[in-house]
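Structure file coords_6.pdb; described as PDB, C-alpha atoms and all ligand atoms.
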```pdb
ATOM      1  CA  MET A   1       0.000   0.000   0.000
ATOM      2  CA  LEU A   2       1.559   3.267  -1.119
ATOM      3  CA  LEU A   3       0.633   6.635   0.313
ATOM      4  CA  ASN A   4       1.468   9.996  -1.173
ATOM      5  CA  ASN A   5       1.380  13.717  -0.308
ATOM      6  CA  ASP A   6       0.808  16.921  -2.439
ATOM      7  CA  PHE A   7      -2.729  18.134  -3.002
ATOM      8  CA  ILE A   8      -5.820  20.067  -1.846
ATOM      9  CA  ASP A   9      -5.590  22.921   0.635
ATOM     10  CA  HIS A  10      -7.425  21.296   3.557
ATOM     11  CA  LYS A  11      -8.465  24.714   4.902
ATOM     12  CA  LYS A  12     -10.896  24.860   1.979
ATOM     13  CA  SER A  13     -12.814  21.905   3.383
ATOM     14  CA  SER A  14     -16.415  22.801   3.969
ATOM     15  CA  THR A  15     -18.242  22.378   7.247
ATOM     16  CA  ILE A  16     -19.551  18.867   7.584
ATOM     17  CA  LYS A  17     -21.687  17.688  10.449
ATOM     18  CA  ASN A  18     -22.951  14.271  11.316
ATOM     19  CA  ASP A  19     -24.501  12.530  14.279
ATOM     20  CA  ASP A  20     -23.523   8.946  13.694
ATOM     21  CA  SER A  21     -22.843   6.835  16.719
ATOM     22  CA  ASN A  22     -20.249   4.034  16.450
ATOM     23  CA  ILE A  23     -17.553   6.628  15.971
ATOM     24  CA  LYS A  24     -13.905   5.641  15.839
ATOM     25  CA  ASP A  25     -12.251   8.990  16.281
ATOM     26  CA  ASN A  26     -12.902  12.690  16.721
ATOM     27  CA  THR A  27     -10.571  14.667  14.543
ATOM     28  CA  THR A  28     -10.936  18.403  14.686
ATOM     29  CA  ILE A  29     -11.165  19.953  11.247
ATOM     30  CA  GLU A  30     -10.865  23.644  10.586
ATOM     31  CA  ASP A  31     -12.775  25.022   7.598
ATOM     32  CA  SER A  32     -12.076  28.219   5.669
ATOM     33  CA  SER A  33     -14.159  30.277   8.084
ATOM     34  CA  SER A  34     -12.269  28.755  11.040
ATOM     35  CA  ASN A  35     -15.308  26.862  12.317
ATOM     36  CA  LYS A  36     -14.224  23.711  14.120
ATOM     37  CA  VAL A  37     -15.889  20.594  12.759
ATOM     38  CA  LYS A  38     -15.373  16.924  13.466
ATOM     39  CA  GLY A  39     -13.918  14.525  10.909
ATOM     40  CA  ARG A  40     -14.821  11.037  11.927
ATOM     41  CA  LEU A  41     -14.419   7.470  10.739
ATOM     42  CA  MET A  42     -16.612   4.533  11.618
ATOM     43  CA  GLN A  43     -15.250   1.692  13.714
ATOM     44  CA  ASN A  44     -16.313  -0.892  11.124
ATOM     45  CA  PRO A  45     -16.454  -0.654   7.347
ATOM     46  CA  ASN A  46     -19.743  -0.512   5.502
ATOM     47  CA  LYS A  47     -19.538  -3.904   3.793
ATOM     48  CA  ASN A  48     -22.423  -3.266   1.387
ATOM     49  CA  HIS A  49     -20.948  -0.090   0.052
ATOM     50  CA  LYS A  50     -19.169  -0.016  -3.281
ATOM     51  CA  SER A  51     -16.469   2.645  -3.137
ATOM     52  CA  GLU A  52     -15.895   5.132  -5.906
ATOM     53  CA  SER A  53     -12.739   5.215  -7.962
ATOM     54  CA  TYR A  54     -10.442   8.176  -7.379
ATOM     55  CA  ASP A  55      -7.915   7.229 -10.054
ATOM     56  CA  ASP A  56      -8.640  10.234 -12.248
ATOM     57  CA  LEU A  57      -7.852  12.788  -9.519
ATOM     58  CA  LYS A  58      -4.437  14.169  -8.726
ATOM     59  CA  LEU A  59      -4.424  13.442  -5.035
ATOM     60  CA  ASP A  60      -1.998  13.934  -2.263
ATOM     61  CA  PHE A  61      -2.464  10.372  -1.049
ATOM     62  CA  SER A  62      -3.021   7.362  -3.305
ATOM     63  CA  ALA A  63      -6.403   6.916  -4.999
ATOM     64  CA  GLU A  64      -6.543   3.373  -3.612
ATOM     65  CA  LEU A  65      -6.298   4.734  -0.071
ATOM     66  CA  PHE A  66      -9.323   6.996  -0.649
ATOM     67  CA  SER A  67     -11.335   4.050  -2.008
ATOM     68  CA  SER A  68     -10.474   1.981   1.080
ATOM     69  CA  LEU A  69     -11.188   4.774   3.545
ATOM     70  CA  GLU A  70     -14.537   5.516   1.902
ATOM     71  CA  ASN A  71     -15.952   2.361   3.481
ATOM     72  CA  TYR A  72     -15.331   3.882   6.912
ATOM     73  CA  LEU A  73     -17.167   7.154   6.277
ATOM     74  CA  PRO A  74     -20.209   8.021   8.379
ATOM     75  CA  LYS A  75     -23.465   7.406   6.531
ATOM     76  CA  ASP A  76     -24.368  11.030   5.910
ATOM     77  CA  ILE A  77     -20.997  11.672   4.285
ATOM     78  CA  LEU A  78     -21.069   8.449   2.327
ATOM     79  CA  ASN A  79     -24.179   9.612   0.502
ATOM     80  CA  THR A  80     -22.778  12.972  -0.562
ATOM     81  CA  SER A  81     -20.855  13.877  -3.731
ATOM     82  CA  ARG A  82     -17.461  12.400  -4.537
ATOM     83  CA  ASP A  83     -15.884  15.858  -4.162
ATOM     84  CA  ASN A  84     -17.279  16.219  -0.695
ATOM     85  CA  LYS A  85     -16.062  12.750   0.294
ATOM     86  CA  VAL A  86     -12.572  13.499  -1.004
ATOM     87  CA  LYS A  87     -12.406  16.719   1.000
ATOM     88  CA  TYR A  88     -13.651  14.985   4.118
ATOM     89  CA  MET A  89     -11.172  12.095   3.822
ATOM     90  CA  TYR A  90      -8.313  14.379   2.881
ATOM     91  CA  THR A  91      -8.862  16.485   5.969
ATOM     92  CA  ILE A  92      -8.688  13.406   8.163
ATOM     93  CA  LEU A  93      -5.555  12.133   6.421
ATOM     94  CA  HIS A  94      -3.944  15.523   6.664
ATOM     95  CA  ASP A  95      -4.659  15.617  10.355
ATOM     96  CA  TYR A  96      -2.876  12.311  10.903
ATOM     97  CA  LEU A  97       0.112  13.085   8.696
ATOM     98  CA  PRO A  98       0.571  16.871   8.870
ATOM     99  CA  PRO A  99       3.540  18.280   6.913
ATOM    100  CA  GLU A 100       4.767  20.026  10.102
ATOM    101  CA  THR A 101       5.578  16.580  11.489
ATOM    102  CA  GLN A 102       8.277  16.219   8.894
ATOM    103  CA  TYR A 103       9.954  19.422  10.050
ATOM    104  CA  ARG A 104       9.692  18.490  13.717
ATOM    105  CA  VAL A 105      11.348  15.126  13.056
ATOM    106  CA  GLU A 106      14.148  16.663  11.005
ATOM    107  CA  HIS A 107      14.785  19.370  13.561
ATOM    108  CA  PHE A 108      14.994  16.849  16.367
ATOM    109  CA  GLU A 109      17.364  14.635  14.392
ATOM    110  CA  LYS A 110      19.670  17.608  13.693
ATOM    111  CA  TRP A 111      19.648  18.661  17.329
ATOM    112  CA  VAL A 112      20.605  15.146  18.457
ATOM    113  CA  ASN A 113      23.510  15.041  16.016
ATOM    114  CA  THR A 114      24.865  18.534  16.718
ATOM    115  CA  THR A 115      24.684  18.234  20.499
ATOM    116  CA  ASN A 116      25.941  14.630  20.523
ATOM    117  CA  PHE A 117      23.045  13.909  22.849
ATOM    118  CA  GLN A 118      23.052  10.240  23.896
ATOM    119  CA  VAL A 119      20.039   8.578  22.353
ATOM    120  CA  ILE A 120      18.971   5.019  21.848
ATOM    121  CA  ARG A 121      19.489   4.090  18.213
ATOM    122  CA  PRO A 122      16.349   2.737  16.539
ATOM    123  CA  THR A 123      17.655  -0.761  15.804
ATOM    124  CA  THR A 124      20.923  -2.606  16.151
ATOM    125  CA  MET A 125      21.432  -2.048  12.430
ATOM    126  CA  ASN A 126      21.448   1.762  12.475
ATOM    127  CA  LYS A 127      24.326   3.959  13.589
ATOM    128  CA  PHE A 128      22.291   7.036  12.764
ATOM    129  CA  GLY A 129      18.658   7.820  13.363
ATOM    130  CA  VAL A 130      16.853   8.244  16.661
ATOM    131  CA  VAL A 131      13.899   6.787  18.513
ATOM    132  CA  LEU A 132      11.078   9.314  18.660
ATOM    133  CA  ASP A 133       8.539   7.745  21.032
ATOM    134  CA  ASP A 134      10.345   9.123  24.086
ATOM    135  CA  PHE A 135      10.655  12.634  22.710
ATOM    136  CA  GLY A 136       7.119  13.932  22.496
ATOM    137  CA  PHE A 137       5.954  11.880  19.538
ATOM    138  CA  GLN A 138       4.104   9.240  21.557
ATOM    139  CA  THR A 139       0.665  10.842  21.308
ATOM    140  CA  MET A 140       1.021  11.664  17.648
ATOM    141  CA  PHE A 141       2.095   8.077  16.892
ATOM    142  CA  ASP A 142      -0.777   6.675  19.024
ATOM    143  CA  LYS A 143      -3.175   8.721  16.974
ATOM    144  CA  LEU A 144      -1.537   7.782  13.687
ATOM    145  CA  MET A 145      -1.618   4.084  14.528
ATOM    146  CA  GLU A 146      -5.115   4.001  15.951
ATOM    147  CA  GLY A 147      -6.889   6.195  13.489
ATOM    148  CA  PHE A 148      -4.990   5.557  10.308
ATOM    149  CA  ILE A 149      -2.818   2.447  10.327
ATOM    150  CA  CYS A 150      -5.280   0.143  12.168
ATOM    151  CA  PRO A 151      -8.231   0.708   9.799
ATOM    152  CA  LEU A 152      -6.003   0.005   6.816
ATOM    153  CA  SER A 153      -4.227  -2.931   8.449
ATOM    154  CA  LYS A 154      -7.520  -4.435   9.474
ATOM    155  CA  VAL A 155      -8.237  -4.920   5.777
ATOM    156  CA  LEU A 156      -4.740  -5.424   4.390
ATOM    157  CA  PHE A 157      -3.071  -7.348   7.221
ATOM    158  CA  ALA A 158      -5.970  -9.069   8.970
ATOM    159  CA  LYS A 159      -4.001 -12.301   9.532
ATOM    160  CA  VAL A 160      -1.513 -10.558  11.809
ATOM    161  CA  GLY A 161      -4.240  -8.774  13.765
ATOM    162  CA  GLY A 162      -4.059  -5.554  11.799
ATOM    163  CA  SER A 163      -6.926  -3.944  13.701
ATOM    164  CA  THR A 164      -5.581  -4.767  17.163
ATOM    165  CA  LEU A 165      -2.193  -3.065  16.924
ATOM    166  CA  ASP A 166      -1.593  -1.352  20.241
ATOM    167  CA  PHE A 167       2.151  -0.778  20.550
ATOM    168  CA  HIS A 168       4.592   1.141  18.392
ATOM    169  CA  HIS A 169       8.277   1.844  18.030
ATOM    170  CA  GLY A 170       8.775   5.030  16.039
ATOM    171  CA  PHE A 171      12.111   6.272  14.768
ATOM    172  CA  VAL A 172      13.931   8.072  11.991
ATOM    173  CA  VAL A 173      16.688   6.560   9.870
ATOM    174  CA  GLU A 174      19.263   8.632   8.019
ATOM    175  CA  TYR A 175      21.473   7.791   5.089
ATOM    176  CA  GLY A 176      24.132   9.695   3.143
ATOM    177  CA  ILE A 177      27.687  10.917   3.498
ATOM    178  CA  ASP A 178      28.812  10.482   7.124
ATOM    179  CA  LYS A 179      25.576   8.613   7.869
ATOM    180  CA  ASP A 180      24.433   5.058   7.282
ATOM    181  CA  VAL A 181      24.854   3.912   3.677
ATOM    182  CA  ASP A 182      22.416   1.026   3.365
ATOM    183  CA  LEU A 183      20.456  -1.422   5.492
ATOM    184  CA  GLY A 184      20.909  -5.191   5.393
ATOM    185  CA  PHE A 185      18.278  -7.784   4.594
ATOM    186  CA  HIS A 186      15.929  -8.251   7.566
ATOM    187  CA  VAL A 187      12.394  -8.585   8.868
ATOM    188  CA  ASP A 188      11.032  -5.965  11.251
ATOM    189  CA  ASP A 189      10.107  -6.597  14.838
ATOM    190  CA  SER A 190       6.553  -5.578  14.009
ATOM    191  CA  GLU A 191       3.267  -6.852  12.692
ATOM    192  CA  VAL A 192       2.911  -3.889  10.343
ATOM    193  CA  THR A 193       5.435  -1.202   9.405
ATOM    194  CA  LEU A 194       4.817   2.307   8.106
ATOM    195  CA  ASN A 195       7.817   3.796   6.288
ATOM    196  CA  VAL A 196       7.464   7.476   5.317
ATOM    197  CA  CYS A 197      10.114   9.174   3.195
ATOM    198  CA  LEU A 198      10.672  12.636   4.679
ATOM    199  CA  GLY A 199      13.350  13.714   2.211
ATOM    200  CA  LYS A 200      15.406  15.266   1.068
ATOM    201  CA  GLN A 201      17.353  14.887  -2.144
ATOM    202  CA  PHE A 202      19.072  11.617  -2.773
ATOM    203  CA  SER A 203      19.811   8.851  -5.262
ATOM    204  CA  GLY A 204      19.471   5.178  -4.502
ATOM    205  CA  GLY A 205      18.079   3.941  -1.210
ATOM    206  CA  GLU A 206      15.458   1.666  -2.803
ATOM    207  CA  LEU A 207      13.781  -0.898  -0.588
ATOM    208  CA  PHE A 208      14.078  -4.412  -1.964
ATOM    209  CA  PHE A 209      11.371  -6.849  -0.871
ATOM    210  CA  ARG A 210      11.778 -10.626  -0.960
ATOM    211  CA  GLY A 211       8.505 -12.169   0.209
ATOM    212  CA  ILE A 212       6.907 -12.728   3.624
ATOM    213  CA  ARG A 213       8.488 -15.359   5.907
ATOM    214  CA  CYS A 214       8.265 -16.414   9.534
ATOM    215  CA  GLU A 215      11.358 -16.213  11.747
ATOM    216  CA  LYS A 216      12.178 -19.865  11.070
ATOM    217  CA  HIS A 217      12.164 -19.495   7.290
ATOM    218  CA  MET A 218      13.799 -16.103   7.185
ATOM    219  CA  HIS A 219      16.672 -17.355   5.030
ATOM    220  CA  THR A 220      14.787 -19.455   2.511
ATOM    221  CA  LYS A 221      15.048 -18.539  -1.168
ATOM    222  CA  SER A 222      12.636 -16.069  -2.671
ATOM    223  CA  HIS A 223      10.586 -16.746  -5.807
ATOM    224  CA  PRO A 224      11.008 -14.345  -8.737
ATOM    225  CA  GLU A 225       7.450 -13.039  -8.289
ATOM    226  CA  GLU A 226       8.275 -12.073  -4.701
ATOM    227  CA  ASN A 227      11.116  -9.782  -5.712
ATOM    228  CA  PHE A 228      10.043  -6.171  -5.704
ATOM    229  CA  ASP A 229      11.917  -2.868  -5.541
ATOM    230  CA  TYR A 230      10.245   0.171  -4.034
ATOM    231  CA  PHE A 231      11.679   3.603  -4.860
ATOM    232  CA  HIS A 232      11.358   6.142  -2.056
ATOM    233  CA  ILE A 233       9.880   9.513  -2.996
ATOM    234  CA  PRO A 234       9.800  12.330  -0.415
ATOM    235  CA  GLY A 235       6.268  12.750   0.882
ATOM    236  CA  GLN A 236       5.256   9.192   0.064
ATOM    237  CA  ALA A 237       4.987   6.193   2.324
ATOM    238  CA  VAL A 238       4.787   2.431   2.149
ATOM    239  CA  LEU A 239       2.822   0.278   4.593
ATOM    240  CA  HIS A 240       4.072  -3.304   4.718
ATOM    241  CA  HIS A 241       3.788  -6.565   6.633
ATOM    242  CA  GLY A 242       6.469  -6.683   9.330
ATOM    243  CA  ARG A 243       7.625 -10.121   8.193
ATOM    244  CA  HIS A 244       7.982  -9.000   4.610
ATOM    245  CA  ARG A 245      11.717  -9.508   4.136
ATOM    246  CA  HIS A 246      13.453  -6.380   2.964
ATOM    247  CA  GLY A 247      16.534  -4.198   3.019
ATOM    248  CA  ALA A 248      17.559  -0.766   1.760
ATOM    249  CA  ARG A 249      20.076  -0.337  -1.035
ATOM    250  CA  ALA A 250      22.903   2.170  -0.737
ATOM    251  CA  THR A 251      22.011   5.833  -0.823
ATOM    252  CA  THR A 252      24.602   6.795  -3.423
ATOM    253  CA  TRP A 253      24.148  10.562  -3.353
ATOM    254  CA  GLY A 254      22.532  13.151  -1.090
ATOM    255  CA  HIS A 255      20.722  12.698   2.187
ATOM    256  CA  ARG A 256      17.757  10.418   2.863
ATOM    257  CA  VAL A 257      15.625  10.649   6.008
ATOM    258  CA  ASN A 258      12.735   8.236   6.641
ATOM    259  CA  LEU A 259      10.267   7.984   9.477
ATOM    260  CA  ILE A 260       9.575   4.373  10.465
ATOM    261  CA  LEU A 261       6.750   3.175  12.690
ATOM    262  CA  TRP A 262       6.875  -0.465  13.721
ATOM    263  CA  CYS A 263       3.366  -1.354  14.916
ATOM    264  CA  LYS A 264       2.793  -4.371  17.137
ATOM    265  CA  ARG A 265       0.224  -5.981  19.350
TER     266      ARG A 265
HETATM  267  O1  LIG A 301      15.788   2.665   5.052
HETATM  268  C1  LIG A 301      14.611   2.351   4.934
HETATM  269  O2  LIG A 301      13.799   2.988   4.274
HETATM  270  C2  LIG A 301      14.129   1.095   5.623
HETATM  271  C3  LIG A 301      14.340   1.064   7.073
HETATM  272  C4  LIG A 301      13.891  -0.224   7.649
HETATM  273  O3  LIG A 301      13.567  -1.148   6.982
HETATM  274  C5  LIG A 301      13.825  -0.387   9.090
HETATM  275  O4  LIG A 301      14.292   0.499   9.811
HETATM  276  O5  LIG A 301      13.300  -1.411   9.566
HETATM  277 FE    FE A 302      12.787  -2.724   8.166
END
```
Would you mind giving the structure from this file in structure tokens?
Amino acid sequence: MLLNNDFIDHKKSSTIKNDDSNIKDNTTIEDSSSNKVKGRLMQNPNKNHKSESYDDLKLDFSAELFSSLENYLPKDILNTSRDNKVKYMYTILHDYLPPETQYRVEHFEKWVNTTNFQVIRPTTMNKFGVVLDDFGFQTMFDKLMEGFICPLSKVLFAKVGGSTLDFHHGFVVEYGIDKDVDLGFHVDDSEVTLNVCLGKQFSGGELFFRGIRCEKHMHTKSHPEENFDYFHIPGQAVLHHGRHRHGARATTWGHRVNLILWCKR
């Protein structure tokens, strides 16, 4: 599942009210006249609903994501125009992944490196990068996991309890000159992983995937159809099964910073 980021000005979202019960989350949305409204998703998808296609729109997040999220819209939004649904969903997505987050993460990473502050490195494989959960990101990650990753994982990663994720390990990884170069072949210590490319300019750094395996079969051969390279693009993210074997190729030029959220239960 790929997620992406460069579209509508969410402040233009119109005021939308609804009184559905069975509400998953209360996200405050600000419209152009600064009225506070609630953007909400249902706890369970509407199974009888056939989602619209959003392929023809130039969206900030992938069209597929909008089609999936549509099933979780409250009834009174579900029956409105496609434009209205897009605005409503976009506002919720924007709230969970605000662009400011990217700057906060980068700033924190720089501060750690310039002050030589002692931090726990995210995994035994990284010499650079820092764990963010302990530095004020806990609530934001809780919200991101609960309101955004769980609904998607419930559908995409049901076998590993996608909807019951309740623990996360969030960190940034950094690659480039004087930083890490690449990342070896591994599986994550997670059920589901969100990997967001924060920037900046770089060459290389592709993720190579080699099929899902349990711990015991981690080193078995992959089949050709399991081999897949994912090219990072700043502002885009990939959500993958934690046991999907992968690694990151060398960042051959520039500076790459990614935000990783390992979600567990
Ligand atoms: O460098 C990347 O984008 C991947 C990082 C990763 O796989 C991890 O930290 O588990
Ligand atoms: Fe990983």
Contacts to ligand LIG 301 (chain A) at 8 Å cut-off (all atoms listed in the file) as an mmCIF file with C-alpha atoms, in the frame of the given file:
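In the end it all went to result.cif:
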```
data_model
loop_
_atom_site.group_PDB
_atom_site.id
_atom_site.type_symbol
_atom_site.label_atom_id
_atom_site.label_comp_id
_atom_site.auth_asym_id
_atom_site.auth_seq_id
_atom_site.Cartn_x
_atom_site.Cartn_y
_atom_site.Cartn_z
ATOM 1 C CA PRO A 122 16.349 2.737 16.539
ATOM 2 C CA THR A 123 17.655 -0.761 15.804
ATOM 3 C CA ASN A 126 21.448 1.762 12.475
ATOM 4 C CA PHE A 171 12.111 6.272 14.768
ATOM 5 C CA VAL A 172 13.931 8.072 11.991
ATOM 6 C CA VAL A 173 16.688 6.560 9.870
ATOM 7 C CA GLU A 174 19.263 8.632 8.019
ATOM 8 C CA TYR A 175 21.473 7.791 5.089
ATOM 9 C CA ASP A 182 22.416 1.026 3.365
ATOM 10 C CA LEU A 183 20.456 -1.422 5.492
ATOM 11 C CA HIS A 186 15.929 -8.251 7.566
ATOM 12 C CA VAL A 187 12.394 -8.585 8.868
ATOM 13 C CA ASP A 188 11.032 -5.965 11.251
ATOM 14 C CA THR A 193 5.435 -1.202 9.405
ATOM 15 C CA ASN A 195 7.817 3.796 6.288
ATOM 16 C CA VAL A 196 7.464 7.476 5.317
ATOM 17 C CA CYS A 197 10.114 9.174 3.195
ATOM 18 C CA GLY A 205 18.079 3.941 -1.210
ATOM 19 C CA GLU A 206 15.458 1.666 -2.803
ATOM 20 C CA LEU A 207 13.781 -0.898 -0.588
ATOM 21 C CA HIS A 232 11.358 6.142 -2.056
ATOM 22 C CA HIS A 246 13.453 -6.380 2.964
ATOM 23 C CA GLY A 247 16.534 -4.198 3.019
ATOM 24 C CA ALA A 248 17.559 -0.766 1.760
ATOM 25 C CA ASN A 258 12.735 8.236 6.641
ATOM 26 C CA ILE A 260 9.575 4.373 10.465
ATOM 27 C CA TRP A 262 6.875 -0.465 13.721
#
```
Selection: 10 Å around Asp142 of chain A, all atoms listed in the file, excl. self and same-chain fewer than 5 positions, as a PyMOL selection string: chain A and resi 133+137+147-149+166-168+263
field: Computed interatomic separation between atom CA of Lys216 of chain A and atom CA of Pro151 of chain A (Å)
entry: 29.0 Å
- request: Could you tell me which of A:Tyr90, A:Phe185, A:Phe141, A:Tyr72 comes closest to ligand FE 302 (chain A) if we count all atoms listed in the file?
  value: A:Phe185
- prompt: When you draw a straight line from atom CA of Glu52 of chain A to atom CA of Gly162 of chain A, how long is it in Å?
  reply: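 Calculated distance between atom CA of Glu52 of chain A and atom CA of Gly162 of chain A is 23.8 Å.
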- request: Enumerate, as a VMD selection string, the residues matched when the PyMOL selection byres (((chain A and resi 157) around 12) and not hetatm) is run on the file above.
  value: chain A and resid 1 149 to 156 158 to 165 190 to 193 212 239 to 244 263 to 264
- prompt: Suppose you want the space between atom CA of Ser67 of chain A and atom CA of Gln138 of chain A; what is it in Å?
  reply: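 One can read the atom CA of Ser67 of chain A to atom CA of Gln138 of chain A distance as 28.6 Å.
The shortest atom-to-atom distance to ligand FE 302 (chain A), with all atoms listed in the file taken into account, belongs to A:His169 out of A:His223, A:Arg82, A:His169, A:His255.
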Distance query Leu78 of chain A at most 10 Å, all atoms listed in the file, self and fewer than 5 positions along chain excluded, as a PyMOL selection string: chain A and resi 46+49+51+70-73+84-85
task: Would you kindly translate the PyMOL selection byres (((chain A and resi 256) around 10) and not hetatm) into the concrete residues it picks from this file, as a ChimeraX atom specification?
output: /A:173-177,179-181,197-205,232-234,251-255,257-258
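Nearest residue to ligand FE 302 (chain A), choosing from A:Gly184, A:Gly235, A:Pro224, A:Gly211 and counting all atoms listed in the file: A:Gly184.
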